[in-house]
>>> print(open('work08.cif').read())   # mmCIF, C-alpha atoms
data_protein
#
loop_
_atom_site.label_atom_id
_atom_site.label_comp_id
_atom_site.auth_asym_id
_atom_site.auth_seq_id
_atom_site.Cartn_x
_atom_site.Cartn_y
_atom_site.Cartn_z
CA MET A 1 219.91 153.52 208.18
CA GLU A 2 216.29 153.89 209.22
CA ILE A 3 215.00 157.35 208.42
CA LYS A 4 212.77 158.68 211.22
CA PRO A 5 212.74 162.49 211.14
CA THR A 6 210.39 164.39 213.43
CA GLU A 7 207.84 166.82 212.00
CA SER A 8 210.17 169.78 212.64
CA GLU A 9 213.10 167.92 211.09
CA LEU A 10 210.97 167.17 208.03
CA GLU A 11 210.17 170.87 207.65
CA ILE A 12 213.90 171.62 207.65
CA LEU A 13 214.61 168.78 205.24
CA GLN A 14 211.94 170.10 202.85
CA VAL A 15 213.86 173.38 202.63
CA ILE A 16 217.21 171.62 202.15
CA TRP A 17 215.79 169.28 199.49
CA LYS A 18 214.31 172.24 197.63
CA LYS A 19 217.56 174.25 197.70
CA GLY A 20 220.06 171.38 197.55
CA GLN A 21 222.20 172.80 200.33
CA CYS A 22 221.82 175.81 202.58
CA THR A 23 222.87 177.62 205.71
CA VAL A 24 220.93 177.75 208.96
CA ARG A 25 219.98 181.36 208.11
CA GLU A 26 218.49 180.29 204.76
CA VAL A 27 216.49 177.50 206.39
CA HIS A 28 215.33 179.81 209.18
CA GLU A 29 214.19 182.50 206.73
CA GLU A 30 212.22 179.96 204.71
CA LEU A 31 210.57 178.45 207.80
CA ALA A 32 209.75 181.92 209.18
CA LYS A 33 207.49 182.55 206.18
CA ASN A 34 204.98 180.02 207.54
CA LYS A 35 205.60 179.71 211.27
CA ASP A 36 207.10 181.48 214.22
CA ALA A 37 210.47 179.80 214.59
CA GLY A 38 213.47 181.21 216.42
CA TYR A 39 216.86 181.17 214.74
CA THR A 40 218.48 179.38 217.69
CA THR A 41 215.78 176.70 217.58
CA THR A 42 216.46 176.09 213.88
CA LEU A 43 220.21 176.01 214.59
CA LYS A 44 219.81 173.50 217.43
CA LEU A 45 217.53 171.26 215.37
CA MET A 46 220.00 171.24 212.49
CA GLN A 47 222.84 170.39 214.90
CA ILE A 48 220.76 167.49 216.25
CA MET A 49 220.01 166.36 212.69
CA HIS A 50 223.75 166.39 212.00
CA ASP A 51 224.38 164.28 215.11
CA LYS A 52 221.66 161.83 213.98
CA GLY A 53 223.26 161.50 210.53
CA MET A 54 220.42 163.16 208.61
CA VAL A 55 222.50 166.03 207.25
CA GLU A 56 226.15 166.71 206.63
CA ARG A 57 227.76 170.01 207.49
CA ASP A 58 230.50 171.73 205.51
CA THR A 59 232.56 173.70 208.01
CA THR A 60 235.26 174.95 205.63
CA SER A 61 233.89 178.49 205.76
CA LYS A 62 232.64 180.63 208.63
CA THR A 63 229.03 179.98 207.62
CA HIS A 64 228.29 176.26 207.80
CA VAL A 65 226.43 174.77 204.85
CA TYR A 66 224.11 171.79 205.36
CA LYS A 67 223.12 169.09 202.88
CA ALA A 68 220.68 166.19 203.32
CA LEU A 69 222.19 162.72 203.50
CA PHE A 70 219.10 161.05 202.03
CA THR A 71 216.61 162.03 199.36
CA MET A 72 213.00 163.06 199.74
CA GLU A 73 212.05 159.87 197.90
CA GLN A 74 213.95 157.75 200.44
CA ALA A 75 212.16 159.50 203.32
CA GLN A 76 208.78 159.08 201.62
CA SER A 77 209.43 155.41 200.92
CA ASN A 78 210.51 154.76 204.50
CA ALA A 79 207.49 156.59 205.96
CA LEU A 80 205.11 154.82 203.58
CA ASP A 81 206.56 151.39 204.41
CA LYS A 82 206.09 152.08 208.11
CA ILE A 83 202.50 153.31 207.69
CA LEU A 84 201.66 150.45 205.35
CA SER A 85 202.96 147.80 207.73
CA THR A 86 201.65 149.28 210.99
CA VAL A 87 198.44 151.13 210.16
CA PHE A 88 197.23 149.16 207.13
CA LYS A 89 198.68 145.75 208.10
CA GLY A 90 200.39 145.47 204.71
CA SER A 91 197.28 146.14 202.59
CA THR A 92 198.20 148.51 199.76
CA SER A 93 194.60 148.55 198.53
CA ASP A 94 193.34 149.73 201.94
CA LEU A 95 195.99 152.46 201.96
CA VAL A 96 195.10 153.70 198.45
CA ILE A 97 191.35 153.55 199.10
CA GLN A 98 191.78 155.48 202.35
CA ALA A 99 194.04 158.07 200.71
CA LEU A 100 191.69 158.64 197.78
CA GLY A 101 188.60 158.56 199.99
CA GLN A 102 189.92 161.14 202.45
CA HIS A 103 191.64 163.56 200.09
CA ARG A 104 190.16 164.87 196.87
CA ALA A 105 192.55 164.13 194.03
CA SER A 106 192.70 166.44 191.03
CA LYS A 107 191.94 165.19 187.53
CA ASP A 108 195.67 165.30 186.74
CA GLU A 109 196.44 163.22 189.84
CA ILE A 110 193.75 160.67 188.92
CA ASP A 111 195.14 160.50 185.38
CA ALA A 112 198.66 159.95 186.74
CA ILE A 113 197.37 157.17 189.03
CA LYS A 114 195.54 155.52 186.11
CA ASN A 115 198.67 155.73 183.93
CA PHE A 116 200.76 154.21 186.71
CA LEU A 117 198.28 151.37 187.20
CA ASN A 118 198.12 150.73 183.45
CA GLN A 119 201.94 150.63 183.27
CA PHE A 120 202.06 148.41 186.37
CA ASP A 121 199.52 146.07 184.75
CA GLN A 122 201.55 145.97 181.50
CA ASP A 123 204.74 145.13 183.42
CA LYS A 124 202.98 142.16 185.09
CA LYS A 125 202.05 140.58 181.75
#
>>> encode(input="work08.cif", output="structure tokens")
Amino acid sequence: MEIKPTESELEILQVIWKKGQCTVREVHEELAKNKDAGYTTTLKLMQIMHDKGMVERDTTSKTHVYKALFTMEQAQSNALDKILSTVFKGSTSDLVIQALGQHRASKDEIDAIKNFLNQFDQDKK
């Protein structure tokens, strides 16, 4: 399954991934902290996401509980593959240079990148 959530769907998924599973009310309350979102809009989006196969819905109780059908890592990987192939024409170095050139990375992030590259280099030997 190709994962192609919209921006609003990703906001909902972020809440579900953080909590593991949740009701529409829980998602709505979390989203309302940062943006003006109506409850019925959140409900409709989550119903659409269910129809698209992005979330599953437990209807055994009066309050339906939603759970993501793919992980955040799967969504990130899918989005990155698409950006890499379309925007950067498959060049991982161009993608990394652009990302690091446009967004200031913290010392901890730079250290993590260096450690990853060192491990990657060790694995190639």
>>> atom_distance(input="work08.cif", atom1="atom CA of A:Glu56", atom2="atom CA of A:Glu29")
19.8 Å
>>> closest_residue(input="work08.cif", among="A:Asn34, A:Leu84, A:Asp121, A:Ala68", to="A:Lys19", atoms="all atoms listed in the file")
A:Ala68
>>> resolve_selection(input="work08.cif", expression="the PyMOL selection byres ((chain A and resi 57) around 12)", output="list in words")
Ile16, Gln21, Cys22, Thr23, Val24, Leu43, Met46, Gln47, Ile48, Met49, His50, Asp51, Gly53, Met54, Val55, Glu56, Asp58, Thr59, Thr60, Ser61, Lys62, Thr63, His64, Val65, Tyr66, Lys67, Ala68 and Leu69 of chain A
>>> closest_residue(input="work08.cif", among="A:Lys33, A:Phe70, A:Leu95, A:Leu10", to="A:Lys82", atoms="all atoms listed in the file")
A:Leu95
>>> residues_around(input="work08.cif", residues="A:Glu7", least_positions_apart="4", cutoff="12 Å", atoms="all atoms listed in the file", output="list in words")
Glu11, Ile12, Leu13, Gln14, Leu45 and Ala79 of chain A
>>> closest_residue(input="work08.cif", among="A:Gln102, A:Thr71, A:Phe116, A:Asp81", to="A:Gly20", atoms="only C-alpha atoms")
A:Thr71
>>> atom_distance(input="work08.cif", atom1="atom CA of A:Gln76", atom2="atom CA of A:Ile3")
9.4 Å
>>> atom_distance(input="work08.cif", atom1="atom CA of A:His28", atom2="atom CA of A:Thr40")
9.1 Å
>>> closest_residue(input="work08.cif", among="A:His103, A:Lys52, A:Lys114, A:Lys124", to="A:Glu9", atoms="only C-alpha atoms")
A:Lys52
>>> axis_aligned_box(input="work08.cif", around="stretch 16-34 of chain A", padding_each_side="8 Å", output="AutoDock Vina command-line options")
--center_x 213.9 --center_y 175.9 --center_z 203.4 --size_x 33.9 --size_y 29.3 --size_z 27.6
>>> closest_residue(input="work08.cif", among="A:Asp111, A:Ser93, A:Ala99, A:Val27", to="A:Ser8", atoms="only C-alpha atoms")
A:Val27
>>> decode(input="work08.cif", residues="stretch 13-63 of chain A", atoms="N, CA and C atoms", output="PDB file, in the first residue's frame")
ATOM      1  N   LEU A  13      -2.496  11.630  12.339  1.00  0.00           N
ATOM      2  CA  LEU A  13      -1.647  10.459  12.550  1.00  0.00           C
ATOM      3  C   LEU A  13      -0.581  10.721  13.617  1.00  0.00           C
ATOM      4  N   GLN A  14      -0.043  11.934  13.649  1.00  0.00           N
ATOM      5  CA  GLN A  14       0.958  12.267  14.674  1.00  0.00           C
ATOM      6  C   GLN A  14       0.380  12.053  16.071  1.00  0.00           C
ATOM      7  N   VAL A  15      -0.871  12.457  16.262  1.00  0.00           N
ATOM      8  CA  VAL A  15      -1.521  12.277  17.565  1.00  0.00           C
ATOM      9  C   VAL A  15      -1.720  10.788  17.848  1.00  0.00           C
ATOM     10  N   ILE A  16      -2.196  10.049  16.862  1.00  0.00           N
ATOM     11  CA  ILE A  16      -2.443   8.612  17.052  1.00  0.00           C
ATOM     12  C   ILE A  16      -1.131   7.883  17.321  1.00  0.00           C
ATOM     13  N   TRP A  17      -0.076   8.208  16.571  1.00  0.00           N
ATOM     14  CA  TRP A  17       1.221   7.553  16.794  1.00  0.00           C
ATOM     15  C   TRP A  17       1.729   7.836  18.203  1.00  0.00           C
ATOM     16  N   LYS A  18       1.546   9.060  18.656  1.00  0.00           N
ATOM     17  CA  LYS A  18       2.017   9.440  19.993  1.00  0.00           C
ATOM     18  C   LYS A  18       1.263   8.680  21.082  1.00  0.00           C
ATOM     19  N   LYS A  19      -0.049   8.524  20.916  1.00  0.00           N
ATOM     20  CA  LYS A  19      -0.881   7.902  21.951  1.00  0.00           C
ATOM     21  C   LYS A  19      -1.071   6.398  21.746  1.00  0.00           C
ATOM     22  N   GLY A  20      -0.819   5.906  20.551  1.00  0.00           N
ATOM     23  CA  GLY A  20      -1.014   4.487  20.260  1.00  0.00           C
ATOM     24  C   GLY A  20      -2.386   4.210  19.677  1.00  0.00           C
ATOM     25  N   GLN A  21      -3.398   4.660  20.365  1.00  0.00           N
ATOM     26  CA  GLN A  21      -4.777   4.587  19.865  1.00  0.00           C
ATOM     27  C   GLN A  21      -5.564   5.656  20.591  1.00  0.00           C
ATOM     28  N   CYS A  22      -6.592   6.174  19.951  1.00  0.00           N
ATOM     29  CA  CYS A  22      -7.376   7.213  20.613  1.00  0.00           C
ATOM     30  C   CYS A  22      -8.712   7.441  19.915  1.00  0.00           C
ATOM     31  N   THR A  23      -9.553   8.141  20.626  1.00  0.00           N
ATOM     32  CA  THR A  23     -10.881   8.488  20.118  1.00  0.00           C
ATOM     33  C   THR A  23     -10.785   9.776  19.297  1.00  0.00           C
ATOM     34  N   VAL A  24     -11.854  10.069  18.585  1.00  0.00           N
ATOM     35  CA  VAL A  24     -11.918  11.323  17.840  1.00  0.00           C
ATOM     36  C   VAL A  24     -11.785  12.500  18.807  1.00  0.00           C
ATOM     37  N   ARG A  25     -12.448  12.422  19.955  1.00  0.00           N
ATOM     38  CA  ARG A  25     -12.388  13.502  20.949  1.00  0.00           C
ATOM     39  C   ARG A  25     -10.942  13.752  21.394  1.00  0.00           C
ATOM     40  N   GLU A  26     -10.194  12.695  21.651  1.00  0.00           N
ATOM     41  CA  GLU A  26      -8.798  12.850  22.078  1.00  0.00           C
ATOM     42  C   GLU A  26      -7.950  13.508  20.987  1.00  0.00           C
ATOM     43  N   VAL A  27      -8.161  13.087  19.749  1.00  0.00           N
ATOM     44  CA  VAL A  27      -7.429  13.684  18.633  1.00  0.00           C
ATOM     45  C   VAL A  27      -7.815  15.151  18.500  1.00  0.00           C
ATOM     46  N   HIS A  28      -9.109  15.420  18.530  1.00  0.00           N
ATOM     47  CA  HIS A  28      -9.596  16.794  18.398  1.00  0.00           C
ATOM     48  C   HIS A  28      -9.005  17.696  19.481  1.00  0.00           C
ATOM     49  N   GLU A  29      -9.006  17.243  20.717  1.00  0.00           N
ATOM     50  CA  GLU A  29      -8.488  18.058  21.825  1.00  0.00           C
ATOM     51  C   GLU A  29      -7.000  18.340  21.649  1.00  0.00           C
ATOM     52  N   GLU A  30      -6.265  17.374  21.153  1.00  0.00           N
ATOM     53  CA  GLU A  30      -4.831  17.577  20.924  1.00  0.00           C
ATOM     54  C   GLU A  30      -4.604  18.563  19.784  1.00  0.00           C
ATOM     55  N   LEU A  31      -5.356  18.417  18.693  1.00  0.00           N
ATOM     56  CA  LEU A  31      -5.211  19.326  17.553  1.00  0.00           C
ATOM     57  C   LEU A  31      -5.622  20.748  17.920  1.00  0.00           C
ATOM     58  N   ALA A  32      -6.632  20.881  18.760  1.00  0.00           N
ATOM     59  CA  ALA A  32      -7.165  22.194  19.146  1.00  0.00           C
ATOM     60  C   ALA A  32      -6.153  23.015  19.943  1.00  0.00           C
ATOM     61  N   LYS A  33      -5.139  22.382  20.471  1.00  0.00           N
ATOM     62  CA  LYS A  33      -4.095  23.109  21.205  1.00  0.00           C
ATOM     63  C   LYS A  33      -3.289  24.014  20.279  1.00  0.00           C
ATOM     64  N   ASN A  34      -3.200  23.637  19.000  1.00  0.00           N
ATOM     65  CA  ASN A  34      -2.351  24.366  18.058  1.00  0.00           C
ATOM     66  C   ASN A  34      -3.091  25.002  16.884  1.00  0.00           C
ATOM     67  N   LYS A  35      -4.337  24.613  16.670  1.00  0.00           N
ATOM     68  CA  LYS A  35      -5.061  25.171  15.522  1.00  0.00           C
ATOM     69  C   LYS A  35      -6.553  25.136  15.789  1.00  0.00           C
ATOM     70  N   ASP A  36      -7.253  25.940  15.050  1.00  0.00           N
ATOM     71  CA  ASP A  36      -8.703  26.000  15.172  1.00  0.00           C
ATOM     72  C   ASP A  36      -9.304  24.913  14.289  1.00  0.00           C
ATOM     73  N   ALA A  37      -9.675  23.814  14.924  1.00  0.00           N
ATOM     74  CA  ALA A  37     -10.236  22.688  14.181  1.00  0.00           C
ATOM     75  C   ALA A  37     -11.561  22.289  14.811  1.00  0.00           C
ATOM     76  N   GLY A  38     -12.578  22.159  14.011  1.00  0.00           N
ATOM     77  CA  GLY A  38     -13.881  21.738  14.520  1.00  0.00           C
ATOM     78  C   GLY A  38     -13.919  20.237  14.760  1.00  0.00           C
ATOM     79  N   TYR A  39     -14.672  19.835  15.758  1.00  0.00           N
ATOM     80  CA  TYR A  39     -14.796  18.415  16.077  1.00  0.00           C
ATOM     81  C   TYR A  39     -15.314  17.626  14.878  1.00  0.00           C
ATOM     82  N   THR A  40     -16.344  18.162  14.206  1.00  0.00           N
ATOM     83  CA  THR A  40     -16.932  17.415  13.081  1.00  0.00           C
ATOM     84  C   THR A  40     -15.942  17.279  11.924  1.00  0.00           C
ATOM     85  N   THR A  41     -15.073  18.271  11.766  1.00  0.00           N
ATOM     86  CA  THR A  41     -14.036  18.180  10.728  1.00  0.00           C
ATOM     87  C   THR A  41     -13.061  17.056  11.052  1.00  0.00           C
ATOM     88  N   THR A  42     -12.638  16.988  12.324  1.00  0.00           N
ATOM     89  CA  THR A  42     -11.735  15.917  12.756  1.00  0.00           C
ATOM     90  C   THR A  42     -12.404  14.559  12.560  1.00  0.00           C
ATOM     91  N   LEU A  43     -13.672  14.457  12.961  1.00  0.00           N
ATOM     92  CA  LEU A  43     -14.431  13.214  12.803  1.00  0.00           C
ATOM     93  C   LEU A  43     -14.484  12.799  11.335  1.00  0.00           C
ATOM     94  N   LYS A  44     -14.828  13.718  10.454  1.00  0.00           N
ATOM     95  CA  LYS A  44     -14.949  13.407   9.030  1.00  0.00           C
ATOM     96  C   LYS A  44     -13.603  12.968   8.446  1.00  0.00           C
ATOM     97  N   LEU A  45     -12.535  13.678   8.825  1.00  0.00           N
ATOM     98  CA  LEU A  45     -11.206  13.297   8.329  1.00  0.00           C
ATOM     99  C   LEU A  45     -10.832  11.895   8.783  1.00  0.00           C
ATOM    100  N   MET A  46     -11.131  11.576  10.032  1.00  0.00           N
ATOM    101  CA  MET A  46     -10.793  10.241  10.538  1.00  0.00           C
ATOM    102  C   MET A  46     -11.643   9.166   9.868  1.00  0.00           C
ATOM    103  N   GLN A  47     -12.881   9.477   9.525  1.00  0.00           N
ATOM    104  CA  GLN A  47     -13.721   8.532   8.785  1.00  0.00           C
ATOM    105  C   GLN A  47     -13.145   8.301   7.380  1.00  0.00           C
ATOM    106  N   ILE A  48     -12.694   9.381   6.748  1.00  0.00           N
ATOM    107  CA  ILE A  48     -12.070   9.273   5.424  1.00  0.00           C
ATOM    108  C   ILE A  48     -10.789   8.442   5.513  1.00  0.00           C
ATOM    109  N   MET A  49      -9.998   8.695   6.562  1.00  0.00           N
ATOM    110  CA  MET A  49      -8.759   7.935   6.750  1.00  0.00           C
ATOM    111  C   MET A  49      -9.061   6.453   6.942  1.00  0.00           C
ATOM    112  N   HIS A  50     -10.154   6.143   7.615  1.00  0.00           N
ATOM    113  CA  HIS A  50     -10.575   4.746   7.781  1.00  0.00           C
ATOM    114  C   HIS A  50     -10.931   4.152   6.418  1.00  0.00           C
ATOM    115  N   ASP A  51     -11.689   4.898   5.628  1.00  0.00           N
ATOM    116  CA  ASP A  51     -12.075   4.431   4.292  1.00  0.00           C
ATOM    117  C   ASP A  51     -10.858   4.218   3.392  1.00  0.00           C
ATOM    118  N   LYS A  52      -9.819   5.040   3.570  1.00  0.00           N
ATOM    119  CA  LYS A  52      -8.589   4.927   2.772  1.00  0.00           C
ATOM    120  C   LYS A  52      -7.673   3.808   3.262  1.00  0.00           C
ATOM    121  N   GLY A  53      -7.968   3.243   4.441  1.00  0.00           N
ATOM    122  CA  GLY A  53      -7.135   2.183   4.979  1.00  0.00           C
ATOM    123  C   GLY A  53      -5.930   2.686   5.763  1.00  0.00           C
ATOM    124  N   MET A  54      -5.984   3.917   6.233  1.00  0.00           N
ATOM    125  CA  MET A  54      -4.879   4.471   7.030  1.00  0.00           C
ATOM    126  C   MET A  54      -5.022   4.151   8.511  1.00  0.00           C
ATOM    127  N   VAL A  55      -6.256   4.022   8.968  1.00  0.00           N
ATOM    128  CA  VAL A  55      -6.518   3.722  10.373  1.00  0.00           C
ATOM    129  C   VAL A  55      -7.575   2.625  10.455  1.00  0.00           C
ATOM    130  N   GLU A  56      -7.536   1.899  11.573  1.00  0.00           N
ATOM    131  CA  GLU A  56      -8.613   0.953  11.836  1.00  0.00           C
ATOM    132  C   GLU A  56      -9.445   1.506  12.983  1.00  0.00           C
ATOM    133  N   ARG A  57     -10.692   1.097  13.014  1.00  0.00           N
ATOM    134  CA  ARG A  57     -11.628   1.632  13.999  1.00  0.00           C
ATOM    135  C   ARG A  57     -12.247   0.486  14.779  1.00  0.00           C
ATOM    136  N   ASP A  58     -12.120   0.551  16.094  1.00  0.00           N
ATOM    137  CA  ASP A  58     -12.743  -0.431  16.977  1.00  0.00           C
ATOM    138  C   ASP A  58     -14.116   0.111  17.355  1.00  0.00           C
ATOM    139  N   THR A  59     -15.137  -0.584  16.922  1.00  0.00           N
ATOM    140  CA  THR A  59     -16.511  -0.120  17.155  1.00  0.00           C
ATOM    141  C   THR A  59     -17.234  -0.947  18.219  1.00  0.00           C
ATOM    142  N   THR A  60     -16.475  -1.682  19.036  1.00  0.00           N
ATOM    143  CA  THR A  60     -17.121  -2.543  20.035  1.00  0.00           C
ATOM    144  C   THR A  60     -17.751  -1.757  21.180  1.00  0.00           C
ATOM    145  N   SER A  61     -17.319  -0.517  21.370  1.00  0.00           N
ATOM    146  CA  SER A  61     -17.959   0.310  22.398  1.00  0.00           C
ATOM    147  C   SER A  61     -18.608   1.510  21.728  1.00  0.00           C
ATOM    148  N   LYS A  62     -19.361   2.266  22.522  1.00  0.00           N
ATOM    149  CA  LYS A  62     -20.060   3.438  21.974  1.00  0.00           C
ATOM    150  C   LYS A  62     -19.076   4.442  21.383  1.00  0.00           C
ATOM    151  N   THR A  63     -17.956   4.650  22.077  1.00  0.00           N
ATOM    152  CA  THR A  63     -16.916   5.558  21.595  1.00  0.00           C
ATOM    153  C   THR A  63     -15.924   4.768  20.755  1.00  0.00           C
TER     154      THR A  63
END
